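Everything below concerns the one structure shown next.
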Amino acid sequence: MSAHIDTFARDHLPPAEQWPELVFDLPELQFPARLNCATELLDRWPELGHGKQPCLRGGGVEWTYEQLQAEANRIAHVLVEDLGVVPGNRVLLRGANTPQLAACWFAVMKAGAIAVATMPLLRAKELGQVLQKAEVSHALCDAALAEELQAAQAQCPVLKQTLLFRSTAPEGLEARAAAKPAQFKNVDTAADDVALIAFTSGTTGQPKGTMHFHRDVIAICRCWPPHCLRAEASDVFIGSPPLAFTFGLGGLLLFPMSVGASTVLLEKASPDALLAAIAQHRATVCFTAPTSYRAMAPQVGNFDLKSLRKCVSAGEALPAATHALWKQATGIELIDGIGATELLHIFISHDEAGAKPGATGRAVPGYRACVLGDEGQVLPAGQVGRLAVKGPTGCRYLADDRQLGYVLNGWNLTGDAYLQDEAGYFVYQARTDDMIISGGYNIAGPEVESALLAHPAVAECGVVGVPDEERGQIVKAFVVLREGQVGDAALVKTLQDFVKATIAPYKYPRAIEFRATLPRTETGKLQRFRLKQSS
Ligand code: 3UK
């Protein structure tokens with residue numbers, strides 16, 4: 001029995017026959033019928049006597065588990081009593097990564113409502129799409145980011161009420177919360193009640209809302225973290241991905257709390273800021289994207305990073321050159337993992353001992369993965385095809401026909417071209433729609449990027465196919481040079497020869513253009529389609 005009074009989410013799940021197959025074949029993935037993820041991740045700790053331990057730091061505060069619990073409980077009272085939120089309502093969350101935002105997230109879980117967290121960089125137009133698609137009735141918004149949401153609200157009457165947090169206003173969230181009790185009885189949600197809708201913009205067009213249950217939030221804590229990360233209660237997590245990106249939600253909030261550890265939430269986490277913060281807070285576990293590790297590596301010597309013991313890379317393929325660079329700079333073996341918003345978190349990865357630079361890893365315990373050919377058949381080792389995954393979590397788009405494109409015969413198709421090597425490791429090739437076909441050859445842009453990144457003059461690069469009369473497409477590289485390098489014809493030749501000497505010569509970039517920066521999404525992904533458009 002659902003606890004939702006507002007049945008919008010359940011009513012807009014895809015029809016059962018369009019769901020991926022769900023597998024729960026680990027003993028720790030047997031879930032009771034009723035489950036509220038806030039009880040498991042937050043309330044459990046004070047009950048176990050762990051309430052005085054540090055939990056969240058940042059945004060000008062430092063909270064123990066007990067304090068976070070009290071904050072979340074008070075906000076839950078505000079949601080229910082002041083805003084009239086009922087179980088199943090969608091509540092939009094907007095803010096930089098802070099403990100206050102995390103408290104709002106838990107308050108929404110406790111009230112049995114559905115969290116719709118949004119990227120801080122979204123503008124009114126994109127916020128409006130989310131409000132409409134998820135029929136969001138209420139919002140909690142960091143006062144510093146109120147403007148764009150207010151502009152969106154003016155266009156979208158579905159959003160009835162917004163409360164601002166990190167504000168001193170008498171009508172602000174903090175003032176209201178202060179008047180509420182520190183105890184709250186969590187709504188007794190069903191394990192398969194929707195807990196969050198995570199939006200993913202993909203490359204272009206209308207954002208897709210992915211729906212995840214209370215059970216899913218706990219499932220991801222029991223798969224990748226204990227098998228690949230192995231963090232402990234004494235760890236201090238830190239990193240850059242926004243909590244609105246499920247990479248950040250898991251890595252910086254759910255996973256540390258699932259082991260009773262603490263986490264540092266940074267409002268700004270540029271490579272410089274992240275390095276300084278690791279040193280300042282003596283952080284031990286870091287989550288960020290491959291480009292961020294690459295940008296940090298040359299500056300590692302300027303900071304005291306002795307505390308750091310585990311580093312996780314996800315969001316984009318990790319080139320072997322970046323893996324090596326980080327190891328040289330810090331001695332730490334990066335843990336790579338591919339995740340997706342549709343599956344909530346990482347499903348192919350490895351631990352430090354299992355690292356194989358250039359490969360993403362193997363299926364995380366709890367998940368199964370294979371590579372499928374055009375006819376949906378499982379391909380043998382060495383052949384490139386479509387990556388297919390299933391596990392305890394999977395794709396359920398909110399009212400969206402694109403569901404039919406993501407799920408095939410029970411498998412989630414992530415849109416990535418992969419091969420599996422003889423040892424069972426999955427090796428990333430490209431996004432399926434980003435394969436370059438030149439002179440009859442299939443060329444994966446990221447392979448050429450990896451080759452270029454091994455050259456000391458190259459800071460960043462992006463490789464795409466551009467139209468060519470003779471070859472159909474040619475390989476073109478957009479290169480950002482390291483400081484002090486001059487992008488002239490001689491360097492073009494040097495880089496071309498360097499690639500030819502590293503990988504099959506037909507893959508070398510026939511065109512190279514030097515750029516000051518590359519276009520990226522708010523989650524840090526290279527926008528190859530924009531490079532294509534601009535050439
Ligand atoms: C790409 C990777 C190669 C890949 C995410 C960790 O990135 C996340 O979710 P998104 O929905 O994008 C999914 C797509 O991103 N990708 C991500 N990680 C890797 N490609 N190697 C990797 N290590 O194309 C995938 O299909 O934004 C990552 C955890 C949670 C996430 N949501």
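Chain lettering (A, B, ...) mirrors the order of the structure tokens, residue numbering begins at 1 for each chain separately, and ligand numbering begins at 1 in order of display.
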Protein and nucleic residues near ligand 1, 9 Å, only C-alpha atoms and all ligand atoms, as number ranges by chain: A: 198-202, 245-251, 289-290, 313-319, 335-349, 359-361, 387, 413-417, 427-432, 523-525
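Inside range 474-522 of chain A, the residues DSSP reads as helix (DSSP H, G or I) when given the backbone are Ala489, Ala490, Leu491, Val492, Lys493, Thr494, Leu495, Gln496, Asp497, Phe498, Val499, Lys500, Ala501, Thr502, Pro505, Tyr506 and Lys507 of chain A.
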File dump, residues just selected, C-alpha atoms, as a tab-separated table (two decimals), in the first residue's frame:
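After the write, part_7.tsv holds the following:
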chain	number	residue	atom	x	y	z
A	489	ALA	CA	51.30	24.76	-37.38
A	490	ALA	CA	54.37	23.05	-35.97
A	491	LEU	CA	52.48	21.95	-32.88
A	492	VAL	CA	49.58	20.68	-35.04
A	493	LYS	CA	52.07	18.46	-36.86
A	494	THR	CA	53.70	17.34	-33.62
A	495	LEU	CA	50.35	16.34	-32.10
A	496	GLN	CA	49.26	14.51	-35.25
A	497	ASP	CA	52.49	12.54	-35.34
A	498	PHE	CA	52.17	11.83	-31.63
A	499	VAL	CA	48.70	10.31	-32.11
A	500	LYS	CA	49.85	8.27	-35.12
A	501	ALA	CA	52.64	6.83	-33.01
A	502	THR	CA	50.25	5.86	-30.17
A	505	PRO	CA	47.43	5.94	-37.69
A	506	TYR	CA	44.10	6.20	-39.58
A	507	LYS	CA	42.57	7.59	-36.36
Quick one: residues within 10 Å of Arg309 in chain A, only C-alpha atoms counted, chain neighbours fewer than 5 positions away excluded, as a short mmCIF file (atom, residue, chain, number, x, y, z; two decimals) with N, CA and C atoms, in the first residue's frame?
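Listing of around10.cif after writing:
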data_model
loop_
_atom_site.label_atom_id
_atom_site.label_comp_id
_atom_site.auth_asym_id
_atom_site.auth_seq_id
_atom_site.Cartn_x
_atom_site.Cartn_y
_atom_site.Cartn_z
N ALA A 231 34.46 2.71 2.35
CA ALA A 231 34.72 3.81 3.27
C ALA A 231 34.33 3.39 4.68
N ASP A 235 35.87 8.34 7.88
CA ASP A 235 36.18 9.07 6.65
C ASP A 235 35.50 10.43 6.59
N ALA A 283 40.24 16.07 4.33
CA ALA A 283 39.32 15.13 3.70
C ALA A 283 40.04 13.85 3.31
N THR A 284 39.31 12.74 3.31
CA THR A 284 39.93 11.45 3.02
C THR A 284 39.39 10.79 1.75
N VAL A 285 38.16 11.15 1.33
CA VAL A 285 37.54 10.53 0.15
C VAL A 285 37.02 11.64 -0.76
N CYS A 286 37.50 11.64 -2.01
CA CYS A 286 37.13 12.73 -2.92
C CYS A 286 36.36 12.22 -4.14
N THR A 330 49.84 12.04 -6.71
CA THR A 330 49.37 11.81 -5.33
C THR A 330 49.69 10.43 -4.80
N GLY A 331 50.05 9.51 -5.69
CA GLY A 331 50.25 8.12 -5.26
C GLY A 331 48.93 7.37 -5.14
N ILE A 332 47.82 8.03 -5.42
CA ILE A 332 46.51 7.38 -5.24
C ILE A 332 45.99 6.82 -6.56
N GLU A 333 45.52 5.57 -6.48
CA GLU A 333 44.93 4.88 -7.63
C GLU A 333 43.48 5.33 -7.75
N LEU A 334 43.14 6.06 -8.81
CA LEU A 334 41.76 6.51 -8.96
C LEU A 334 40.81 5.33 -9.11
#
query: Which of these residues is nearest to His227 in chain A, using only C-alpha atoms: A:Arg530, A:Lys476, A:His350, A:Lys327?
result: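 Between A:Arg530, A:Lys476, A:His350, A:Lys327, the residue approaching His227 in chain A most closely is A:His350.
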message: List as a list in words the protein and nucleic acid residues near Leu419 in chain A, meaning an atom at most 7 Å away when only C-alpha atoms are counted, but skip any in the same chain fewer than 3 places from it.
response: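 What passes the distance filter is Val371, Ala381, Gly382, Gln383, Val384, Gly385, Phe426, Val427 and Tyr428 of chain A.
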Quick one: write out the picked residues with C-alpha atoms as a PDB file, in the first residue's frame?
ATOM      1  CA  VAL A 371      27.471  -5.657 -24.650  1.00  0.00           C
ATOM      2  CA  ALA A 381      34.669 -10.339 -25.911  1.00  0.00           C
ATOM      3  CA  GLY A 382      36.432  -7.738 -28.008  1.00  0.00           C
ATOM      4  CA  GLN A 383      33.440  -6.621 -30.057  1.00  0.00           C
ATOM      5  CA  VAL A 384      32.050  -3.103 -29.792  1.00  0.00           C
ATOM      6  CA  GLY A 385      28.316  -2.770 -29.167  1.00  0.00           C
ATOM      7  CA  PHE A 426      34.318  -3.054 -19.806  1.00  0.00           C
ATOM      8  CA  VAL A 427      36.186  -0.612 -22.030  1.00  0.00           C
ATOM      9  CA  TYR A 428      34.455   2.624 -22.986  1.00  0.00           C
TER      10      TYR A 428
END
- request: Using DSSP on the backbone, list every residue of range 166-408 of chain A that comes out as strand (DSSP E), and give them as a count of residues only.
  value: 52
Find the residues near Ile197 in chain A: any atom within 8 Å, counting only C-alpha atoms, skip ones fewer than 6 places away on the same chain, and give them as a PDB file with N, CA and C atoms, in the first residue's frame.
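Writing done, so here's out-v1.pdb:
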ATOM      1  N   ILE A 114       8.180  14.056  -2.536  1.00  0.00           N
ATOM      2  CA  ILE A 114       9.138  13.641  -3.567  1.00  0.00           C
ATOM      3  C   ILE A 114      10.094  14.797  -3.848  1.00  0.00           C
ATOM      4  N   ALA A 115      11.393  14.543  -3.700  1.00  0.00           N
ATOM      5  CA  ALA A 115      12.388  15.599  -3.906  1.00  0.00           C
ATOM      6  C   ALA A 115      12.701  15.740  -5.388  1.00  0.00           C
ATOM      7  N   VAL A 116      12.634  16.979  -5.858  1.00  0.00           N
ATOM      8  CA  VAL A 116      13.044  17.288  -7.231  1.00  0.00           C
ATOM      9  C   VAL A 116      14.179  18.300  -7.109  1.00  0.00           C
ATOM     10  N   ALA A 117      15.392  17.793  -6.991  1.00  0.00           N
ATOM     11  CA  ALA A 117      16.543  18.677  -6.803  1.00  0.00           C
ATOM     12  C   ALA A 117      16.984  19.208  -8.163  1.00  0.00           C
ATOM     13  N   ALA A 134       7.057  17.867 -13.694  1.00  0.00           N
ATOM     14  CA  ALA A 134       6.867  17.116 -12.442  1.00  0.00           C
ATOM     15  C   ALA A 134       5.692  17.658 -11.625  1.00  0.00           C
ATOM     16  N   GLY A 209      12.678  13.183 -16.663  1.00  0.00           N
ATOM     17  CA  GLY A 209      12.639  12.975 -15.214  1.00  0.00           C
ATOM     18  C   GLY A 209      12.747  11.488 -14.925  1.00  0.00           C
ATOM     19  N   THR A 210      13.735  11.096 -14.118  1.00  0.00           N
ATOM     20  CA  THR A 210      13.860   9.673 -13.767  1.00  0.00           C
ATOM     21  C   THR A 210      13.327   9.492 -12.351  1.00  0.00           C
ATOM     22  N   MET A 211      12.491   8.462 -12.172  1.00  0.00           N
ATOM     23  CA  MET A 211      11.828   8.280 -10.875  1.00  0.00           C
ATOM     24  C   MET A 211      12.487   7.158 -10.084  1.00  0.00           C
ATOM     25  N   HIS A 212      12.807   7.441  -8.849  1.00  0.00           N
ATOM     26  CA  HIS A 212      13.488   6.455  -7.994  1.00  0.00           C
ATOM     27  C   HIS A 212      12.744   6.316  -6.669  1.00  0.00           C
TER      28      HIS A 212
END
- prompt: Of the candidates A:Trp411, A:Tyr406, A:Tyr397, A:Phe8, which one gets nearest to Ala369 in chain A if we count only C-alpha atoms?
  reply: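 Checking each of A:Trp411, A:Tyr406, A:Tyr397, A:Phe8 against Ala369 in chain A, counting only C-alpha atoms, the winner is A:Trp411.
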